[in-house]
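Each remark here refers to the structure printed beneath this line.
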Amino acid sequence: MQNNLIREYEKYPTAKELWEVLKVGYGSTSATRLRALTLRFNQYVLDPKHSMIQHLDVMKDMIRELQNAGCELSDEQQVLAVLRSLPEQTWGHVKLVLTHNEQIKTFDSVASHLKLGTDRRESERVQQATFVAHAGQRKPHKGKRWNKPTGAGPSNSQSQKQNLAPQGDKAMKRRRGKRGGKKNMAKAKCYNCQKMGHFARECTEPKKIQAQQNM
């Protein structure tokens, strides 16, 4: 029996909570015990350190203690008490949904929905944490690198420079043609006077064609 008592009170983490339970369990009169149980039950809220399963177990024990003290709670009262014990800030939406859910009629049904909701929240939290971790591990994007030449012929960079050469240079070369560059006039031969150093169009001697006509 002593071991059973130890296991019964091990779930209360602080001495204050254990003392409150002991006062309730060993009150001087049944009326005093009932008032203490009712007050504790009405003021009890989810402890941030407890899981949802632990929270529901504590509430179930309190409901059983109230019944043993002569206070029978209906199924509706039990459901409302469980929903009331959930903090509005983090469970407000869930409380609203479960309040209007016609399938929530007993303590077991509301406990089942809360456990499923807790599992879903935990799964979403893990997925979010995994996503953030993967996003942090992504390598920064680097610019495209030009491949080094692997064989004969101009490299990619040289080909690029050729492609990017101004079009005016090519047009200038085409317009320049054969006569575009300077020539050595000492090697130029006149076909009119057969002398070196100038062209026929620059010759000062009479043209051969004119001389033949005059003859």
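Just remember, in the structure tokens the first chain shown is A, the second B, etc., residues are 1-based per chain, and ligands are 1-based in the order shown.
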
* Residue neighbourhood Leu66 (chain A), 10 Å, only C-alpha atoms, exclusion window fewer than 3 positions, as an MDAnalysis selection string -> chainID A and resid 33:38 41 60:63 69:73

Expected file: the selected residues, all heavy atoms, as a short mmCIF file (atom, residue, chain, number, x, y, z; two decimals), in the first residue's frame:
```cif
data_model
loop_
_atom_site.label_atom_id
_atom_site.label_comp_id
_atom_site.auth_asym_id
_atom_site.auth_seq_id
_atom_site.Cartn_x
_atom_site.Cartn_y
_atom_site.Cartn_z
N ARG A 33 -13.39 18.95 2.18
CA ARG A 33 -12.68 18.26 1.09
C ARG A 33 -13.36 18.55 -0.25
O ARG A 33 -12.67 18.78 -1.25
CB ARG A 33 -12.66 16.77 1.37
CG ARG A 33 -11.89 15.97 0.30
CD ARG A 33 -12.04 14.50 0.52
NE ARG A 33 -11.34 13.75 -0.52
CZ ARG A 33 -11.55 12.48 -0.80
NH1 ARG A 33 -12.47 11.80 -0.12
NH2 ARG A 33 -10.86 11.86 -1.74
N LEU A 34 -14.65 18.54 -0.29
CA LEU A 34 -15.38 18.78 -1.54
C LEU A 34 -15.14 20.20 -2.03
O LEU A 34 -14.95 20.41 -3.24
CB LEU A 34 -16.87 18.53 -1.33
CG LEU A 34 -17.75 18.69 -2.57
CD1 LEU A 34 -17.29 17.76 -3.69
CD2 LEU A 34 -19.22 18.42 -2.22
N ARG A 35 -15.15 21.17 -1.11
CA ARG A 35 -14.90 22.55 -1.53
C ARG A 35 -13.49 22.70 -2.08
O ARG A 35 -13.28 23.38 -3.08
CB ARG A 35 -15.10 23.50 -0.33
CG ARG A 35 -16.55 23.79 0.00
CD ARG A 35 -16.68 25.01 0.89
NE ARG A 35 -15.94 24.85 2.12
CZ ARG A 35 -16.45 24.34 3.25
NH1 ARG A 35 -17.71 23.93 3.26
NH2 ARG A 35 -15.72 24.23 4.34
N ALA A 36 -12.53 22.07 -1.43
CA ALA A 36 -11.15 22.15 -1.90
C ALA A 36 -10.98 21.48 -3.27
O ALA A 36 -10.29 22.01 -4.16
CB ALA A 36 -10.23 21.51 -0.88
N LEU A 37 -11.60 20.34 -3.45
CA LEU A 37 -11.54 19.66 -4.75
C LEU A 37 -12.17 20.50 -5.85
O LEU A 37 -11.63 20.61 -6.96
CB LEU A 37 -12.25 18.31 -4.65
CG LEU A 37 -11.48 17.18 -3.96
CD1 LEU A 37 -12.40 15.97 -3.76
CD2 LEU A 37 -10.25 16.78 -4.76
N THR A 38 -13.34 21.07 -5.54
CA THR A 38 -14.05 21.88 -6.54
C THR A 38 -13.26 23.11 -6.91
O THR A 38 -13.16 23.47 -8.10
CB THR A 38 -15.43 22.28 -6.00
OG1 THR A 38 -16.17 21.11 -5.64
CG2 THR A 38 -16.21 23.05 -7.04
N PHE A 41 -10.26 22.07 -9.03
CA PHE A 41 -10.70 21.63 -10.35
C PHE A 41 -11.07 22.81 -11.23
O PHE A 41 -10.73 22.85 -12.42
CB PHE A 41 -11.89 20.68 -10.19
CG PHE A 41 -12.40 20.12 -11.49
CD1 PHE A 41 -11.68 19.15 -12.18
CD2 PHE A 41 -13.60 20.56 -12.03
CE1 PHE A 41 -12.15 18.62 -13.37
CE2 PHE A 41 -14.07 20.03 -13.22
CZ PHE A 41 -13.34 19.07 -13.89
N LYS A 60 -8.43 13.84 -15.30
CA LYS A 60 -9.20 12.62 -15.08
C LYS A 60 -9.15 12.19 -13.61
O LYS A 60 -10.17 11.75 -13.04
CB LYS A 60 -8.65 11.51 -15.97
CG LYS A 60 -9.56 10.29 -16.10
CD LYS A 60 -9.05 9.36 -17.18
CE LYS A 60 -10.02 8.22 -17.40
NZ LYS A 60 -9.56 7.30 -18.48
N ASP A 61 -7.98 12.34 -12.98
CA ASP A 61 -7.85 12.02 -11.56
C ASP A 61 -8.72 12.96 -10.71
O ASP A 61 -9.35 12.52 -9.73
CB ASP A 61 -6.39 12.12 -11.13
CG ASP A 61 -5.54 11.01 -11.72
OD1 ASP A 61 -6.12 9.99 -12.14
OD2 ASP A 61 -4.30 11.18 -11.78
N MET A 62 -8.74 14.24 -11.07
CA MET A 62 -9.55 15.19 -10.30
C MET A 62 -11.04 14.89 -10.44
O MET A 62 -11.81 15.01 -9.47
CB MET A 62 -9.25 16.62 -10.76
CG MET A 62 -7.89 17.12 -10.30
SD MET A 62 -7.66 18.91 -10.54
CE MET A 62 -7.63 19.00 -12.32
N ILE A 63 -11.47 14.49 -11.62
CA ILE A 63 -12.87 14.13 -11.82
C ILE A 63 -13.23 12.90 -10.99
O ILE A 63 -14.31 12.84 -10.37
CB ILE A 63 -13.15 13.88 -13.33
CG1 ILE A 63 -13.02 15.19 -14.11
CG2 ILE A 63 -14.52 13.26 -13.52
CD1 ILE A 63 -13.12 15.01 -15.61
N ALA A 69 -15.91 12.04 -3.73
CA ALA A 69 -16.37 12.94 -2.67
C ALA A 69 -17.85 13.22 -2.75
O ALA A 69 -18.38 13.97 -1.92
CB ALA A 69 -15.58 14.24 -2.74
N GLY A 70 -18.52 12.66 -3.73
CA GLY A 70 -19.97 12.84 -3.84
C GLY A 70 -20.41 13.84 -4.87
O GLY A 70 -21.59 14.18 -4.94
N CYS A 71 -19.51 14.33 -5.69
CA CYS A 71 -19.87 15.32 -6.73
C CYS A 71 -19.78 14.65 -8.10
O CYS A 71 -18.68 14.43 -8.62
CB CYS A 71 -18.95 16.54 -6.66
SG CYS A 71 -19.32 17.80 -7.89
N GLU A 72 -20.91 14.31 -8.66
CA GLU A 72 -20.94 13.67 -9.97
C GLU A 72 -21.01 14.74 -11.06
O GLU A 72 -21.89 15.60 -11.05
CB GLU A 72 -22.16 12.75 -10.07
CG GLU A 72 -22.10 11.53 -9.19
CD GLU A 72 -21.10 10.50 -9.71
OE1 GLU A 72 -20.74 10.60 -10.92
OE2 GLU A 72 -20.69 9.62 -8.95
N LEU A 73 -20.07 14.69 -11.99
CA LEU A 73 -20.05 15.63 -13.11
C LEU A 73 -20.61 14.96 -14.35
O LEU A 73 -20.26 13.83 -14.68
CB LEU A 73 -18.62 16.10 -13.38
CG LEU A 73 -17.92 16.89 -12.26
CD1 LEU A 73 -16.48 17.19 -12.66
CD2 LEU A 73 -18.66 18.16 -11.96
#
```

* Shell around Asn192 (chain A) at 8 Å using only C-alpha atoms, local window under 6 positions removed, as a PyMOL selection string -> chain A and resi 200+203+205+207-208

Requested write-out: N, CA and C atoms of the selected residues, as an mmCIF file, in the first residue's frame:
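Ended up saving to out-v4.cif:
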```cif
data_model
loop_
_atom_site.group_PDB
_atom_site.id
_atom_site.type_symbol
_atom_site.label_atom_id
_atom_site.label_comp_id
_atom_site.auth_asym_id
_atom_site.auth_seq_id
_atom_site.Cartn_x
_atom_site.Cartn_y
_atom_site.Cartn_z
ATOM 1 N N ALA A 200 50.086 54.997 -114.349
ATOM 2 C CA ALA A 200 49.736 55.587 -115.633
ATOM 3 C C ALA A 200 48.810 56.776 -115.475
ATOM 4 N N CYS A 203 50.861 59.823 -114.921
ATOM 5 C CA CYS A 203 51.940 60.075 -115.904
ATOM 6 C C CYS A 203 51.728 61.414 -116.610
ATOM 7 N N GLU A 205 53.507 62.198 -119.387
ATOM 8 C CA GLU A 205 53.815 62.004 -120.804
ATOM 9 C C GLU A 205 52.505 61.854 -121.584
ATOM 10 N N LYS A 207 49.591 60.361 -123.689
ATOM 11 C CA LYS A 207 49.035 59.021 -123.632
ATOM 12 C C LYS A 207 49.335 58.283 -124.912
ATOM 13 N N LYS A 208 49.609 56.988 -124.832
ATOM 14 C CA LYS A 208 49.933 56.183 -125.998
ATOM 15 C C LYS A 208 48.785 56.159 -126.981
#
```

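Distance-wise, CA of Asn42 (chain A) and CA of Arg64 (chain A) end up 14.3 Å apart.
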
* Which neighbours of Phe199 (chain A) fall inside 12 Å, counting only C-alpha atoms, when residues of the same chain fewer than 3 positions from it are skipped, and could you give them as a ChimeraX atom specification? -> /A:183-196,202-205

* Closest of A:Gln127, A:Val94, A:Glu122, A:Glu76 to Thr106 (chain A) - atom-to-atom distances counting only C-alpha atoms ->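 Comparing A:Gln127, A:Val94, A:Glu122, A:Glu76 against Thr106 (chain A), the winner is A:Glu76.
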
* To do: Could you tell me how far CA of Gln67 (chain A) lies from CA of Ile53 (chain A), in Å and to one decimal?
  =>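 Those two atoms sit 21.2 Å apart.
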
* Asked: Separation of CA of Gln54 (chain A) and CA of Arg125 (chain A), in Å?
  ->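 For CA of Gln54 (chain A) relative to CA of Arg125 (chain A), the distance reads 20.1 Å.
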
* Structure fact -> If you count only C-alpha atoms, the residue of A:His93, A:Arg40, A:His134, A:His113 closest to Ala81 (chain A) turns out to be A:Arg40

* Asked: Per DSSP on the backbone, what are the helix (DSSP H, G or I) residues of region 39-127 of chain A, as JSON, numbers by chain?
  -> {"A": [39, 40, 41, 42, 43, 52, 53, 54, 55, 56, 57, 58, 59, 60, 61, 62, 63, 64, 65, 66, 67, 68, 75, 76, 77, 78, 79, 80, 81, 82, 83, 84, 88, 89, 90, 91, 92, 93, 94, 95, 96, 97, 98, 99, 107, 108, 109, 110, 111, 112, 113, 114, 115, 116, 117, 118, 119, 120, 121, 122, 123, 124, 125, 126, 127]}

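Of the residues listed (A:Lys115, A:Arg121, A:Thr32, A:Val79), A:Val79 shows the shortest atom-to-atom separation from Glu102 (chain A); distances use only C-alpha atoms.
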